[in-house]
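Okay, final.csv now, which holds CSV, C-alpha atoms:
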chain,number,residue,atom,x,y,z
F,1486,LYS,CA,-12.0,-8.0,-13.7
F,1487,ALA,CA,-13.2,-5.3,-11.4
F,1488,GLY,CA,-10.7,-3.8,-9.0
F,1489,VAL,CA,-11.0,-3.3,-5.3
F,1490,THR,CA,-13.9,-1.0,-4.4
F,1491,GLN,CA,-14.3,1.0,-1.2
F,1492,THR,CA,-17.4,2.8,0.0
F,1493,PRO,CA,-18.0,5.5,0.8
F,1494,ARG,CA,-15.3,7.5,-0.9
F,1495,TYR,CA,-15.7,10.6,1.4
F,1496,LEU,CA,-17.1,10.9,4.9
F,1497,ILE,CA,-17.3,13.7,7.5
F,1498,LYS,CA,-17.9,12.8,11.1
F,1499,THR,CA,-17.6,14.6,14.4
F,1500,ARG,CA,-15.6,13.6,17.4
F,1501,GLY,CA,-17.0,10.9,19.5
F,1502,GLN,CA,-19.0,9.3,16.7
F,1503,GLN,CA,-18.3,6.0,15.2
F,1504,VAL,CA,-17.8,5.1,11.5
F,1505,THR,CA,-17.9,1.9,9.4
F,1506,LEU,CA,-16.0,1.7,6.1
F,1507,SER,CA,-16.6,-1.1,3.5
F,1508,CYS,CA,-14.2,-2.8,1.1
F,1509,SER,CA,-15.0,-5.3,-1.7
F,1510,PRO,CA,-12.0,-7.2,-2.8
F,1511,ILE,CA,-11.2,-8.4,-6.3
F,1512,SER,CA,-13.3,-11.4,-7.2
F,1513,GLY,CA,-11.6,-14.5,-6.0
F,1514,HIS,CA,-9.3,-12.7,-3.5
F,1515,ARG,CA,-9.7,-13.9,0.1
F,1516,SER,CA,-7.2,-11.7,1.9
F,1517,VAL,CA,-8.1,-8.1,2.8
F,1518,SER,CA,-5.7,-5.7,4.5
F,1519,TRP,CA,-6.5,-2.2,5.8
F,1520,TYR,CA,-4.1,0.8,6.0
F,1521,GLN,CA,-4.3,4.3,7.3
F,1522,GLN,CA,-2.6,7.1,5.6
F,1523,THR,CA,-2.0,10.5,7.3
F,1524,PRO,CA,0.4,13.3,6.3
F,1525,GLY,CA,2.3,12.9,9.6
F,1526,GLN,CA,2.6,9.1,9.9
F,1527,GLY,CA,2.4,8.0,6.2
F,1528,LEU,CA,0.9,4.7,5.3
F,1529,GLN,CA,0.4,2.4,8.3
F,1530,PHE,CA,-0.8,-1.2,8.4
F,1531,LEU,CA,-4.0,-1.7,10.5
F,1532,PHE,CA,-5.0,-5.3,10.1
F,1533,GLU,CA,-5.4,-8.2,7.7
F,1534,TYR,CA,-8.3,-10.6,7.3
F,1535,PHE,CA,-8.4,-14.0,5.7
F,1536,SER,CA,-11.3,-16.4,5.7
F,1537,GLU,CA,-13.3,-14.3,8.1
F,1538,THR,CA,-10.4,-14.3,10.7
F,1539,GLN,CA,-8.1,-11.5,11.6
F,1540,ARG,CA,-4.6,-12.9,10.8
F,1541,ASN,CA,-2.3,-9.9,11.4
F,1542,LYS,CA,-2.7,-6.7,13.3
F,1543,GLY,CA,-0.7,-3.5,13.3
F,1544,ASN,CA,-0.1,-1.1,16.2
F,1545,PHE,CA,-3.4,0.6,16.6
F,1546,PRO,CA,-5.7,1.1,19.6
F,1547,GLY,CA,-8.8,-1.2,20.1
F,1548,ARG,CA,-11.0,1.6,18.8
F,1549,PHE,CA,-10.1,0.3,15.4
F,1550,SER,CA,-11.7,-3.0,14.5
F,1551,GLY,CA,-12.7,-5.0,11.5
F,1552,ARG,CA,-14.4,-8.0,10.2
F,1553,GLN,CA,-14.7,-10.1,7.1
F,1554,PHE,CA,-17.8,-11.8,5.7
F,1555,SER,CA,-18.0,-15.1,4.0
F,1556,ASN,CA,-17.9,-13.4,0.5
F,1557,SER,CA,-14.6,-11.9,1.5
F,1558,ARG,CA,-16.0,-8.4,1.7
F,1559,SER,CA,-14.6,-6.5,4.7
F,1560,GLU,CA,-15.6,-3.7,7.0
F,1561,MET,CA,-13.6,-1.7,9.4
F,1562,ASN,CA,-15.0,0.3,12.3
F,1563,VAL,CA,-13.6,3.2,14.2
F,1564,SER,CA,-15.4,4.0,17.5
F,1565,THR,CA,-15.2,7.2,19.5
F,1566,LEU,CA,-13.6,9.1,16.7
F,1567,GLU,CA,-10.8,11.6,17.4
F,1568,LEU,CA,-9.5,14.4,15.3
F,1569,GLY,CA,-6.4,12.4,14.6
F,1570,ASP,CA,-8.4,9.7,12.9
F,1571,SER,CA,-8.8,12.0,9.9
F,1572,ALA,CA,-7.1,10.1,7.2
F,1573,LEU,CA,-7.3,8.2,3.9
F,1574,TYR,CA,-8.2,4.6,4.7
F,1575,LEU,CA,-7.1,2.1,2.1
F,1576,CYS,CA,-7.9,-1.5,1.7
F,1577,ALA,CA,-6.0,-4.0,-0.4
F,1578,SER,CA,-6.8,-7.5,-1.5
F,1579,SER,CA,-4.7,-10.5,-2.5
F,1580,LEU,CA,-5.5,-14.1,-3.4
F,1581,ALA,CA,-4.5,-15.7,-0.1
F,1582,GLY,CA,-2.2,-13.1,1.5
F,1583,ALA,CA,1.2,-14.2,0.2
F,1584,GLU,CA,0.9,-12.6,-3.2
F,1585,THR,CA,0.7,-9.1,-4.6
F,1586,GLN,CA,-1.8,-6.8,-3.0
F,1587,TYR,CA,-4.0,-4.6,-5.0
F,1588,PHE,CA,-5.3,-1.4,-3.5
F,1589,GLY,CA,-8.6,0.3,-3.7
F,1590,PRO,CA,-9.1,4.1,-4.1
F,1591,GLY,CA,-9.6,4.7,-0.4
F,1592,THR,CA,-12.1,6.4,1.8
F,1593,ARG,CA,-11.2,9.9,3.0
F,1594,LEU,CA,-12.5,10.5,6.5
F,1595,LEU,CA,-12.6,13.9,8.0
F,1596,VAL,CA,-13.3,14.2,11.7
F,1597,LEU,CA,-14.5,17.6,13.0
L,345,ASP,CA,8.5,-0.3,10.9
L,346,ALA,CA,9.7,0.2,7.4
L,347,LYS,CA,13.1,-1.4,6.7
L,348,THR,CA,13.9,0.3,3.4
L,349,THR,CA,15.5,3.6,2.7
L,350,GLN,CA,14.9,5.7,-0.4
L,351,PRO,CA,15.8,9.3,-1.5
L,352,THR,CA,13.1,11.8,-0.5
L,353,SER,CA,12.8,13.2,-4.0
L,354,MET,CA,14.1,13.0,-7.5
L,355,ASP,CA,13.5,14.8,-10.8
L,356,CYS,CA,13.6,13.2,-14.3
L,357,ALA,CA,13.2,14.7,-17.7
L,358,GLU,CA,10.3,13.6,-19.8
L,359,GLY,CA,11.3,10.8,-22.2
L,360,ARG,CA,14.4,9.9,-20.2
L,361,ALA,CA,14.8,6.8,-18.0
L,362,ALA,CA,14.0,7.3,-14.3
L,363,ASN,CA,16.2,5.2,-12.0
L,364,LEU,CA,14.8,5.0,-8.5
L,365,PRO,CA,17.2,3.4,-5.9
L,366,CYS,CA,16.2,1.6,-2.7
L,367,ASN,CA,18.3,0.3,0.1
L,368,HIS,CA,17.1,-2.8,1.9
L,369,SER,CA,20.3,-4.0,3.6
L,370,THR,CA,18.5,-6.1,6.3
L,371,ILE,CA,16.4,-8.1,3.8
L,372,SER,CA,16.1,-11.7,4.7
L,373,GLY,CA,16.3,-14.7,2.3
L,374,ASN,CA,12.5,-15.2,1.9
L,375,GLU,CA,11.6,-11.5,1.5
L,376,TYR,CA,10.5,-10.0,-1.8
L,377,VAL,CA,11.1,-6.5,-2.9
L,378,TYR,CA,7.9,-4.8,-4.0
L,379,TRP,CA,7.5,-1.5,-5.7
L,380,TYR,CA,4.3,0.6,-5.7
L,381,ARG,CA,3.5,4.1,-6.6
L,382,GLN,CA,0.8,6.5,-5.4
L,383,ILE,CA,-0.4,9.3,-7.5
L,384,HIS,CA,-1.9,12.3,-5.7
L,385,SER,CA,-3.5,10.4,-2.8
L,386,GLN,CA,-5.1,7.7,-4.9
L,387,GLY,CA,-4.7,4.1,-3.8
L,388,PRO,CA,-1.1,2.8,-4.3
L,389,GLN,CA,-0.6,1.1,-7.7
L,390,TYR,CA,1.4,-2.1,-7.9
L,391,ILE,CA,4.4,-1.8,-10.3
L,392,ILE,CA,6.6,-4.9,-9.9
L,393,HIS,CA,8.2,-7.2,-7.4
L,394,GLY,CA,11.2,-9.6,-7.3
L,395,LEU,CA,13.1,-12.0,-5.1
L,396,LYS,CA,16.6,-12.1,-6.5
L,397,ASN,CA,16.5,-12.1,-10.3
L,398,ASN,CA,15.9,-9.0,-12.3
L,399,GLU,CA,12.4,-8.6,-13.4
L,400,THR,CA,10.7,-6.7,-16.2
L,401,ASN,CA,7.0,-6.0,-17.1
L,402,GLU,CA,5.1,-3.5,-19.2
L,403,MET,CA,5.6,-0.8,-16.6
L,404,ALA,CA,9.1,-1.0,-15.4
L,405,SER,CA,12.3,-3.1,-14.8
L,406,LEU,CA,13.6,-4.1,-11.4
L,407,ILE,CA,17.3,-4.6,-10.9
L,408,ILE,CA,18.3,-6.3,-7.6
L,409,THR,CA,22.0,-6.5,-6.6
L,410,GLU,CA,23.5,-9.9,-6.2
L,411,ASP,CA,23.7,-9.4,-2.4
L,412,ARG,CA,20.1,-8.3,-2.4
L,413,LYS,CA,20.9,-5.3,-0.2
L,414,SER,CA,19.7,-2.8,-2.7
L,415,SER,CA,17.6,-2.5,-5.9
L,416,THR,CA,16.7,0.0,-8.6
L,417,LEU,CA,13.4,0.6,-10.3
L,418,ILE,CA,13.7,1.7,-13.8
L,419,LEU,CA,11.0,3.5,-15.7
L,420,PRO,CA,12.4,3.4,-19.3
L,421,HIS,CA,10.7,6.4,-20.8
L,422,ALA,CA,9.3,8.6,-18.1
L,423,THR,CA,6.1,10.6,-18.9
L,424,LEU,CA,4.4,13.3,-17.0
L,425,ARG,CA,1.9,10.7,-15.8
L,426,ASP,CA,4.7,8.9,-13.9
L,427,THR,CA,4.9,11.8,-11.5
L,428,ALA,CA,4.1,10.1,-8.2
L,429,VAL,CA,5.5,8.9,-4.9
L,430,TYR,CA,7.3,5.6,-5.3
L,431,TYR,CA,7.5,3.1,-2.5
L,432,CYS,CA,9.9,0.2,-2.1
L,433,ILE,CA,8.8,-2.4,0.4
L,434,GLU,CA,10.3,-5.7,1.6
L,435,SER,CA,7.9,-8.4,2.6
L,436,ASN,CA,7.7,-12.1,2.9
L,437,THR,CA,4.0,-12.2,3.2
L,438,GLY,CA,2.6,-9.9,0.6
L,439,ASN,CA,-0.3,-9.0,2.9
L,440,GLN,CA,1.3,-6.8,5.6
L,441,PHE,CA,3.4,-4.0,4.1
L,442,TYR,CA,5.4,-1.5,6.1
L,443,PHE,CA,5.7,1.6,4.0
L,444,GLY,CA,8.5,4.1,4.3
L,445,THR,CA,8.3,7.7,3.1
L,446,GLY,CA,9.0,6.8,-0.5
L,447,THR,CA,10.6,8.8,-3.2
L,448,SER,CA,8.6,11.7,-4.7
L,449,LEU,CA,9.4,11.6,-8.5
L,450,THR,CA,8.7,14.7,-10.5
L,451,VAL,CA,8.9,14.3,-14.3
L,452,ILE,CA,9.8,17.6,-15.9
L,453,PRO,CA,8.6,18.5,-19.4
If you convert what's in this file into structure tokens, what do you get?
Amino acid sequence: KAGVTQTPRYLIKTRGQQVTLSCSPISGHRSVSWYQQTPGQGLQFLFEYFSETQRNKGNFPGRFSGRQFSNSRSEMNVSTLELGDSALYLCASSLAGAETQYFGPGTRLLVL
Amino acid sequence: DAKTTQPTSMDCAEGRAANLPCNHSTISGNEYVYWYRQIHSQGPQYIIHGLKNNETNEMASLIITEDRKSSTLILPHATLRDTAVYYCIESNTGNQFYFGTGTSLTVIP
């Protein structure tokens, strides 16, 4: 069974731009969670989607948003990029959210 | 916020057992203990999880104390490829993890 895939793997943007990252969960998984990893803050939970609805949200500003499609694929969007948004963005999927999460390889975003 | 505490770093000789401790003294009755590892900024890899009984799989063993306030992840025969940051997480949902700083394990040849 294919694992969690994330596209693109690497991205360079400039301050003020916006970016959209994509995540395809493991087949049959309906819960997708997003995390941000930076050297200073470590791995931090962004939000979780299940059945196209945001179910849980971490402590991030409204510039960070996401959505989930009917096929469980998810996207996250960051608007008005700041230098501090440079990070590894990880998504993880699970069957329905109460089981083990499996992580993708991440998208490395660099904001210049 | 993360509710577990782990040593910052540990070394282990190749071929020996690596024992990684985790303190989760505020764990509640319905929270599981999960272990993941992350190798050089790849996505975290699931290792094992448990509620109150000891667990074993092909990768590792998880020993949870009777009071559930701490646990130990055991890699029975560490190899160089086990060098990674190991995270211990307590969660009752499985979909919203609060990671701590983890333990950086270095396996020495």
Residue neighbourhood stretch 1520-1524 of chain F, 10 Å, all atoms listed in the file, exclusion window fewer than 4 positions, as a ChimeraX atom specification: /F:1528-1533,1543,1569-1577,1588,1591-1593 /L:385,440-442
Interatomic distance (Å, one decimal) between atom CA of L:Arg425 and atom CA of L:Pro351: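 Taking atom CA of L:Arg425 and atom CA of L:Pro351, their separation equals 20.0 Å.
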Specify as a tab-separated table (two decimals) with C-alpha atoms, in the coordinates of the input all residues of chain L found within 12 Å of chain F, counting only C-alpha atoms.
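Written file, out.tsv:
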chain	number	residue	atom	x	y	z
L	345	ASP	CA	8.50	-0.30	10.90
L	346	ALA	CA	9.70	0.20	7.40
L	374	ASN	CA	12.50	-15.20	1.90
L	375	GLU	CA	11.60	-11.50	1.50
L	376	TYR	CA	10.50	-10.00	-1.80
L	377	VAL	CA	11.10	-6.50	-2.90
L	378	TYR	CA	7.90	-4.80	-4.00
L	379	TRP	CA	7.50	-1.50	-5.70
L	380	TYR	CA	4.30	0.60	-5.70
L	381	ARG	CA	3.50	4.10	-6.60
L	382	GLN	CA	0.80	6.50	-5.40
L	383	ILE	CA	-0.40	9.30	-7.50
L	384	HIS	CA	-1.90	12.30	-5.70
L	385	SER	CA	-3.50	10.40	-2.80
L	386	GLN	CA	-5.10	7.70	-4.90
L	387	GLY	CA	-4.70	4.10	-3.80
L	388	PRO	CA	-1.10	2.80	-4.30
L	389	GLN	CA	-0.60	1.10	-7.70
L	390	TYR	CA	1.40	-2.10	-7.90
L	391	ILE	CA	4.40	-1.80	-10.30
L	392	ILE	CA	6.60	-4.90	-9.90
L	393	HIS	CA	8.20	-7.20	-7.40
L	394	GLY	CA	11.20	-9.60	-7.30
L	429	VAL	CA	5.50	8.90	-4.90
L	431	TYR	CA	7.50	3.10	-2.50
L	433	ILE	CA	8.80	-2.40	0.40
L	434	GLU	CA	10.30	-5.70	1.60
L	435	SER	CA	7.90	-8.40	2.60
L	436	ASN	CA	7.70	-12.10	2.90
L	437	THR	CA	4.00	-12.20	3.20
L	438	GLY	CA	2.60	-9.90	0.60
L	439	ASN	CA	-0.30	-9.00	2.90
L	440	GLN	CA	1.30	-6.80	5.60
L	441	PHE	CA	3.40	-4.00	4.10
L	442	TYR	CA	5.40	-1.50	6.10
L	443	PHE	CA	5.70	1.60	4.00
L	444	GLY	CA	8.50	4.10	4.30
L	445	THR	CA	8.30	7.70	3.10
L	446	GLY	CA	9.00	6.80	-0.50
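Between atom CA of F:Ser1564 and atom CA of F:Gln1502 lies a distance of 6.5 Å.
Atom to atom, atom CA of L:Thr400 and atom CA of F:His1514 stand 24.4 Å apart.
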Residues within 9 Å of L:Thr447, all atoms listed in the file, excluding chain neighbours under 3 positions, as a VMD selection string: chain L and resid 350 to 354 364 to 365 428 to 432
Within 8 Å of stretch 408-411 of chain L using all atoms listed in the file, minus same-chain residues under 6 positions, as a list in words: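 Close residues of stretch 408-411 of chain L: Gly394, Lys396, Asn397 and Asn398 of chain L.
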Residues as selected, C-alpha atoms, written as an mmCIF file, keeping the file's coordinate frame, can you do that?
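Okay, result-v1.cif is ready:
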data_model
loop_
_atom_site.group_PDB
_atom_site.id
_atom_site.type_symbol
_atom_site.label_atom_id
_atom_site.label_comp_id
_atom_site.auth_asym_id
_atom_site.auth_seq_id
_atom_site.Cartn_x
_atom_site.Cartn_y
_atom_site.Cartn_z
ATOM 1 C CA GLY L 394 11.200 -9.600 -7.300
ATOM 2 C CA LYS L 396 16.600 -12.100 -6.500
ATOM 3 C CA ASN L 397 16.500 -12.100 -10.300
ATOM 4 C CA ASN L 398 15.900 -9.000 -12.300
#
Contact residues around L:Pro453 with all atoms listed in the file at 9 Å, ignoring same-chain residues under 4 positions, as JSON, numbers by chain: {"L": [356, 357, 358, 359, 423, 424]}
Counting all atoms listed in the file, the option among F:Gly1525, F:Phe1545, F:Thr1565, F:Ser1512 closest to F:Arg1500: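 The shortest atom-to-atom distance to F:Arg1500 comes from F:Thr1565.
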Spatial neighbours of F:Val1596, max dist 6 Å, only C-alpha atoms, sep filter under 5 positions, as a list in words: Ile1497, Lys1498, Thr1499, Leu1568 and Ser1571 of chain F
Of the listed residues F:Glu1567, F:Arg1548, F:Met1561, F:Gln1539, that which approaches F:Leu1506 most closely, counting only C-alpha atoms: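 Result for the nearest residue to F:Leu1506: F:Met1561.
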Nearest candidate to F:Leu1594 (options F:Leu1566, F:Pro1510, F:Arg1515, F:Ser1559; using all atoms listed in the file):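 Of the candidates, the smallest distance to F:Leu1594 is held by F:Leu1566.
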Proximity to F:Ser1507 - best of F:Pro1546, F:Val1563, F:Leu1597, F:Ser1536, only C-alpha atoms: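 The answer is F:Val1563, which sits nearest to F:Ser1507.
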Since the input is missing atoms for stretch 394-413 of chain L, could you rebuild it with N, CA, C and O atoms and give the result as a short mmCIF file (atom, residue, chain, number, x, y, z; two decimals), in the frame of the given file?
data_model
loop_
_atom_site.label_atom_id
_atom_site.label_comp_id
_atom_site.auth_asym_id
_atom_site.auth_seq_id
_atom_site.Cartn_x
_atom_site.Cartn_y
_atom_site.Cartn_z
N GLY L 394 10.18 -8.61 -7.00
CA GLY L 394 11.20 -9.60 -7.30
C GLY L 394 11.81 -10.18 -6.07
O GLY L 394 11.75 -9.57 -5.00
N LEU L 395 12.44 -11.34 -6.22
CA LEU L 395 13.10 -12.00 -5.10
C LEU L 395 14.63 -11.81 -5.21
O LEU L 395 15.28 -11.24 -4.35
N LYS L 396 15.20 -12.32 -6.29
CA LYS L 396 16.60 -12.10 -6.50
C LYS L 396 17.02 -11.89 -7.94
O LYS L 396 18.04 -11.29 -8.21
N ASN L 397 16.16 -12.32 -8.85
CA ASN L 397 16.50 -12.10 -10.30
C ASN L 397 15.89 -10.75 -10.70
O ASN L 397 14.94 -10.25 -10.11
N ASN L 398 16.49 -10.19 -11.73
CA ASN L 398 15.90 -9.00 -12.30
C ASN L 398 14.60 -9.30 -12.96
O ASN L 398 14.40 -10.40 -13.48
N GLU L 399 13.68 -8.35 -12.90
CA GLU L 399 12.40 -8.60 -13.40
C GLU L 399 11.98 -7.40 -14.35
O GLU L 399 12.44 -6.27 -14.15
N THR L 400 11.15 -7.69 -15.33
CA THR L 400 10.70 -6.70 -16.20
C THR L 400 9.21 -6.94 -16.56
O THR L 400 8.82 -8.09 -16.74
N ASN L 401 8.41 -5.88 -16.60
CA ASN L 401 7.00 -6.00 -17.10
C ASN L 401 6.74 -4.79 -17.95
O ASN L 401 7.65 -4.02 -18.30
N GLU L 402 5.49 -4.61 -18.28
CA GLU L 402 5.10 -3.50 -19.20
C GLU L 402 5.32 -2.16 -18.61
O GLU L 402 5.34 -1.16 -19.32
N MET L 403 5.42 -2.08 -17.29
CA MET L 403 5.60 -0.80 -16.60
C MET L 403 7.01 -0.41 -16.37
O MET L 403 7.39 0.76 -16.47
N ALA L 404 7.80 -1.39 -15.93
CA ALA L 404 9.10 -1.00 -15.40
C ALA L 404 10.03 -2.27 -15.39
O ALA L 404 9.61 -3.39 -15.66
N SER L 405 11.29 -2.00 -15.03
CA SER L 405 12.30 -3.10 -14.80
C SER L 405 12.74 -2.93 -13.34
O SER L 405 12.84 -1.81 -12.81
N LEU L 406 13.06 -4.05 -12.73
CA LEU L 406 13.60 -4.10 -11.40
C LEU L 406 14.93 -4.78 -11.41
O LEU L 406 15.02 -5.94 -11.84
N ILE L 407 15.95 -4.05 -10.97
CA ILE L 407 17.30 -4.60 -10.90
C ILE L 407 17.65 -4.79 -9.43
O ILE L 407 17.64 -3.82 -8.66
N ILE L 408 17.95 -6.01 -9.03
CA ILE L 408 18.30 -6.30 -7.60
C ILE L 408 19.77 -6.73 -7.62
O ILE L 408 20.20 -7.57 -8.41
N THR L 409 20.53 -6.13 -6.72
CA THR L 409 22.00 -6.50 -6.60
C THR L 409 22.13 -7.91 -6.19
O THR L 409 21.23 -8.51 -5.59
N GLU L 410 23.31 -8.44 -6.48
CA GLU L 410 23.50 -9.90 -6.20
C GLU L 410 23.43 -10.16 -4.70
O GLU L 410 22.94 -11.22 -4.31
N ASP L 411 23.86 -9.21 -3.85
CA ASP L 411 23.70 -9.40 -2.40
C ASP L 411 22.36 -9.09 -1.87
O ASP L 411 22.09 -9.25 -0.67
N ARG L 412 21.48 -8.64 -2.74
CA ARG L 412 20.10 -8.30 -2.40
C ARG L 412 19.94 -7.16 -1.43
O ARG L 412 18.85 -6.93 -0.91
N LYS L 413 20.97 -6.40 -1.21
CA LYS L 413 20.90 -5.30 -0.20
C LYS L 413 20.35 -4.03 -0.84
O LYS L 413 20.06 -3.08 -0.12
#
